[in-house]
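Reviewing the structure listed below.
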Amino acid sequence: MKPAQSNKTIEAPASWDDIPCGAYYRQALEQGLKAWWPKLFGFHLLKIGALSADLDTGDCAISHQVNVGLASERLQVIADPYQLPFANKSADACLLAHTLSYTGDPHRLLREVDRVLIDDGWLVITTFNPVSLLGLAKICPILFRRQPYKSRMYTQMRLLDWLGVLNFEVLHRTHLQVLPWRRQGGRLLSTHFPAIGCLSVIVARKRTFPLSLTPLKNKTSSRGLRRPVNATTRSCRQLHGSKAK
């Protein structure tokens, strides 16, 4: 397994239109997350990255939405995602739409998002799935330097492991768009073989208590009553002796 941290500079697209079939990816993500936006509640939603800002989140119950990133026409705050200019526990939800796919240190980015999220805050992550037709095409030398094959792709199990370390509870995970070049991703394949979808979606919440509670072992062992053998034997002899008299 390749290390998560990389020193290579990864050029992030300014919008979904800069990615071949990017409009199909955007539509698939907007449709896949449509049922979840009304469930998010709070005051502030951070959409981190240009691709996050490009997604339609109008159905979200959180009205105040801030687009944060380095380069995009839709951004409202120009800032490094590694150093978000927000106080600790000030955001109710964060959207990372393929932001991890174009960052050199995903661990650092997730820790920064964990810092600004309130307790029980929401986190929505989307990435490219390496176990898909899109991921298989990544090994082609001709396509390796093009979008979206130049992005970093993570399996869903690896993402779940990172979120578990930060004590996030995963509420929903799925894959979308089995056929990248089709507008609807191939309905039949997406229904019966969702695991090979090229888009990975995770919805999680930040928890403040351990998800797996480990009961403390009772160090004090309970000692049962021991039978006083000698005392009982002596008492029986005295009792028989008194009856004999």
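The chains in the structure tokens are called A, B, ... from first to last as shown; in each chain the residues are counted from 1, and the ligands are counted from 1 in the order shown.
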Give me, as a list in words, all polymer residues having an atom no more than 10 Å from Ile19 of chain A, counting only C-alpha atoms and skipping those fewer than 6 positions away in the same chain.
Ala12, Pro13, Tyr25, Arg146, Gln147, Pro148 and Tyr149 of chain A
Saved selection, atoms kept: all heavy atoms, as a PDB file, in the first residue's frame:
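The result, stored in out_24.pdb:
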```pdb
ATOM      1  N   ALA A  12      -5.124  20.497  -9.040  1.00  0.00           N
ATOM      2  CA  ALA A  12      -6.551  20.276  -8.834  1.00  0.00           C
ATOM      3  C   ALA A  12      -7.347  21.058  -9.868  1.00  0.00           C
ATOM      4  O   ALA A  12      -7.024  22.213 -10.182  1.00  0.00           O
ATOM      5  CB  ALA A  12      -6.960  20.707  -7.432  1.00  0.00           C
ATOM      6  N   PRO A  13      -8.389  20.473 -10.435  1.00  0.00           N
ATOM      7  CA  PRO A  13      -9.229  21.197 -11.403  1.00  0.00           C
ATOM      8  C   PRO A  13     -10.012  22.304 -10.722  1.00  0.00           C
ATOM      9  O   PRO A  13     -10.388  22.206  -9.546  1.00  0.00           O
ATOM     10  CB  PRO A  13     -10.140  20.102 -11.954  1.00  0.00           C
ATOM     11  CG  PRO A  13     -10.183  19.063 -10.873  1.00  0.00           C
ATOM     12  CD  PRO A  13      -8.842  19.092 -10.210  1.00  0.00           C
ATOM     13  N   TYR A  25     -20.136  13.189 -13.491  1.00  0.00           N
ATOM     14  CA  TYR A  25     -19.759  12.931 -12.098  1.00  0.00           C
ATOM     15  C   TYR A  25     -20.498  13.885 -11.162  1.00  0.00           C
ATOM     16  O   TYR A  25     -20.990  13.475 -10.103  1.00  0.00           O
ATOM     17  CB  TYR A  25     -18.248  13.110 -11.921  1.00  0.00           C
ATOM     18  CG  TYR A  25     -17.396  12.225 -12.790  1.00  0.00           C
ATOM     19  CD1 TYR A  25     -16.126  12.625 -13.198  1.00  0.00           C
ATOM     20  CD2 TYR A  25     -17.854  10.988 -13.228  1.00  0.00           C
ATOM     21  CE1 TYR A  25     -15.341  11.818 -14.003  1.00  0.00           C
ATOM     22  CE2 TYR A  25     -17.077  10.172 -14.040  1.00  0.00           C
ATOM     23  CZ  TYR A  25     -15.821  10.596 -14.418  1.00  0.00           C
ATOM     24  OH  TYR A  25     -15.038   9.800 -15.220  1.00  0.00           O
ATOM     25  N   ARG A 146      -3.236  12.630 -17.269  1.00  0.00           N
ATOM     26  CA  ARG A 146      -4.438  13.373 -17.615  1.00  0.00           C
ATOM     27  C   ARG A 146      -5.454  13.294 -16.474  1.00  0.00           C
ATOM     28  O   ARG A 146      -5.351  12.480 -15.574  1.00  0.00           O
ATOM     29  CB  ARG A 146      -5.054  12.819 -18.908  1.00  0.00           C
ATOM     30  CG  ARG A 146      -4.140  12.871 -20.119  1.00  0.00           C
ATOM     31  CD  ARG A 146      -4.837  12.284 -21.340  1.00  0.00           C
ATOM     32  NE  ARG A 146      -3.963  12.258 -22.514  1.00  0.00           N
ATOM     33  CZ  ARG A 146      -4.332  11.761 -23.692  1.00  0.00           C
ATOM     34  NH1 ARG A 146      -5.568  11.268 -23.862  1.00  0.00           N
ATOM     35  NH2 ARG A 146      -3.487  11.762 -24.695  1.00  0.00           N
ATOM     36  N   GLN A 147      -6.425  14.190 -16.557  1.00  0.00           N
ATOM     37  CA  GLN A 147      -7.533  14.152 -15.607  1.00  0.00           C
ATOM     38  C   GLN A 147      -8.541  13.107 -16.059  1.00  0.00           C
ATOM     39  O   GLN A 147      -8.769  12.952 -17.263  1.00  0.00           O
ATOM     40  CB  GLN A 147      -8.228  15.525 -15.531  1.00  0.00           C
ATOM     41  CG  GLN A 147      -7.380  16.636 -14.946  1.00  0.00           C
ATOM     42  CD  GLN A 147      -7.254  16.531 -13.439  1.00  0.00           C
ATOM     43  OE1 GLN A 147      -7.651  15.535 -12.824  1.00  0.00           O
ATOM     44  NE2 GLN A 147      -6.674  17.546 -12.834  1.00  0.00           N
ATOM     45  N   PRO A 148      -9.177  12.395 -15.112  1.00  0.00           N
ATOM     46  CA  PRO A 148      -8.964  12.420 -13.664  1.00  0.00           C
ATOM     47  C   PRO A 148      -7.966  11.370 -13.180  1.00  0.00           C
ATOM     48  O   PRO A 148      -7.872  11.123 -11.987  1.00  0.00           O
ATOM     49  CB  PRO A 148     -10.362  12.091 -13.144  1.00  0.00           C
ATOM     50  CG  PRO A 148     -10.893  11.122 -14.147  1.00  0.00           C
ATOM     51  CD  PRO A 148     -10.334  11.573 -15.487  1.00  0.00           C
ATOM     52  N   TYR A 149      -7.214  10.779 -14.113  1.00  0.00           N
ATOM     53  CA  TYR A 149      -6.335   9.670 -13.756  1.00  0.00           C
ATOM     54  C   TYR A 149      -5.116  10.137 -12.971  1.00  0.00           C
ATOM     55  O   TYR A 149      -4.473   9.343 -12.281  1.00  0.00           O
ATOM     56  CB  TYR A 149      -5.893   8.947 -15.027  1.00  0.00           C
ATOM     57  CG  TYR A 149      -7.055   8.602 -15.930  1.00  0.00           C
ATOM     58  CD1 TYR A 149      -7.311   9.348 -17.079  1.00  0.00           C
ATOM     59  CD2 TYR A 149      -7.915   7.551 -15.626  1.00  0.00           C
ATOM     60  CE1 TYR A 149      -8.382   9.043 -17.900  1.00  0.00           C
ATOM     61  CE2 TYR A 149      -8.987   7.247 -16.452  1.00  0.00           C
ATOM     62  CZ  TYR A 149      -9.213   7.999 -17.586  1.00  0.00           C
ATOM     63  OH  TYR A 149     -10.284   7.696 -18.385  1.00  0.00           O
TER      64      TYR A 149
END
```
Can you pull out every residue within 6 Å of segment 97-108 of chain A, counting only C-alpha atoms, but drop anything in the same chain fewer than 3 positions away, and send it as number ranges by chain?
A: 5-6, 10, 12, 49, 51-52, 111, 125-127, 151-152
Writing out the chosen residues with C-alpha atoms as an mmCIF file, in the first residue's frame:
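Listing of selection.cif after writing:
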```cif
data_model
loop_
_atom_site.group_PDB
_atom_site.id
_atom_site.type_symbol
_atom_site.label_atom_id
_atom_site.label_comp_id
_atom_site.auth_asym_id
_atom_site.auth_seq_id
_atom_site.Cartn_x
_atom_site.Cartn_y
_atom_site.Cartn_z
ATOM 1 C CA GLN A 5 1.537 11.486 2.260
ATOM 2 C CA SER A 6 3.109 12.511 -1.037
ATOM 3 C CA ILE A 10 -1.154 17.486 -7.785
ATOM 4 C CA ALA A 12 -6.551 20.276 -8.834
ATOM 5 C CA GLY A 49 -12.079 22.789 -2.483
ATOM 6 C CA LEU A 51 -15.034 20.807 -6.752
ATOM 7 C CA SER A 52 -16.959 21.071 -3.466
ATOM 8 C CA ARG A 111 -7.192 16.522 11.082
ATOM 9 C CA ILE A 125 -16.462 12.867 1.546
ATOM 10 C CA THR A 126 -16.392 11.894 -2.121
ATOM 11 C CA THR A 127 -13.381 10.437 -3.982
ATOM 12 C CA SER A 151 -5.696 12.232 -9.098
ATOM 13 C CA ARG A 152 -5.132 10.075 -6.032
#
```
Give me the residues within 9 Å of Leu134 of chain A as JSON, numbers by chain, counting only C-alpha atoms and dropping any in the same chain fewer than 2 places off.
{"A": [128, 129, 130, 131, 132, 136, 137, 138, 148, 149, 178, 179, 180, 197, 198]}
Write out as a list in words which residues come within 7 Å of segment 29-33 of chain A when counting only C-alpha atoms, dropping same-chain ones fewer than 3 positions away.
Tyr25, Arg26, Trp36, Trp37, Leu55 and Asp56 of chain A
DSSP on the backbone: what in segment 27-144 of chain A comes out alpha helix (DSSP H), as JSON, numbers by chain?
{"A": [27, 28, 29, 30, 31, 32, 33, 50, 51, 52, 53, 106, 107, 108, 109, 110, 111, 112, 113, 114, 115, 116, 133, 134, 135, 136, 137]}
C-alpha atoms of the current selection, written as an mmCIF file, in the first residue's frame:
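So the final result, stored in selection_24.cif, reads:
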```
data_model
loop_
_atom_site.group_PDB
_atom_site.id
_atom_site.type_symbol
_atom_site.label_atom_id
_atom_site.label_comp_id
_atom_site.auth_asym_id
_atom_site.auth_seq_id
_atom_site.Cartn_x
_atom_site.Cartn_y
_atom_site.Cartn_z
ATOM 1 C CA GLN A 27 -24.778 15.075 -11.562
ATOM 2 C CA ALA A 28 -24.256 11.617 -10.046
ATOM 3 C CA LEU A 29 -22.938 13.094 -6.786
ATOM 4 C CA GLU A 30 -25.705 15.672 -6.555
ATOM 5 C CA GLN A 31 -28.303 12.950 -7.075
ATOM 6 C CA GLY A 32 -26.622 10.555 -4.634
ATOM 7 C CA LEU A 33 -26.403 13.185 -1.864
ATOM 8 C CA ALA A 50 -13.115 23.991 -5.925
ATOM 9 C CA LEU A 51 -15.034 20.807 -6.752
ATOM 10 C CA SER A 52 -16.959 21.071 -3.466
ATOM 11 C CA ALA A 53 -17.923 24.653 -4.300
ATOM 12 C CA PRO A 106 -4.933 13.657 3.296
ATOM 13 C CA HIS A 107 -4.251 12.882 6.976
ATOM 14 C CA ARG A 108 -3.365 16.495 7.678
ATOM 15 C CA LEU A 109 -6.440 17.728 5.837
ATOM 16 C CA LEU A 110 -8.740 15.411 7.794
ATOM 17 C CA ARG A 111 -7.192 16.522 11.082
ATOM 18 C CA GLU A 112 -7.783 20.152 10.132
ATOM 19 C CA VAL A 113 -11.406 19.401 9.251
ATOM 20 C CA ASP A 114 -11.781 17.557 12.562
ATOM 21 C CA ARG A 115 -10.481 20.668 14.331
ATOM 22 C CA VAL A 116 -13.060 23.064 12.895
ATOM 23 C CA LEU A 133 -13.164 1.040 -14.636
ATOM 24 C CA LEU A 134 -11.762 4.485 -13.947
ATOM 25 C CA GLY A 135 -9.193 3.032 -11.589
ATOM 26 C CA LEU A 136 -8.120 0.363 -14.067
ATOM 27 C CA ALA A 137 -7.519 2.987 -16.739
#
```
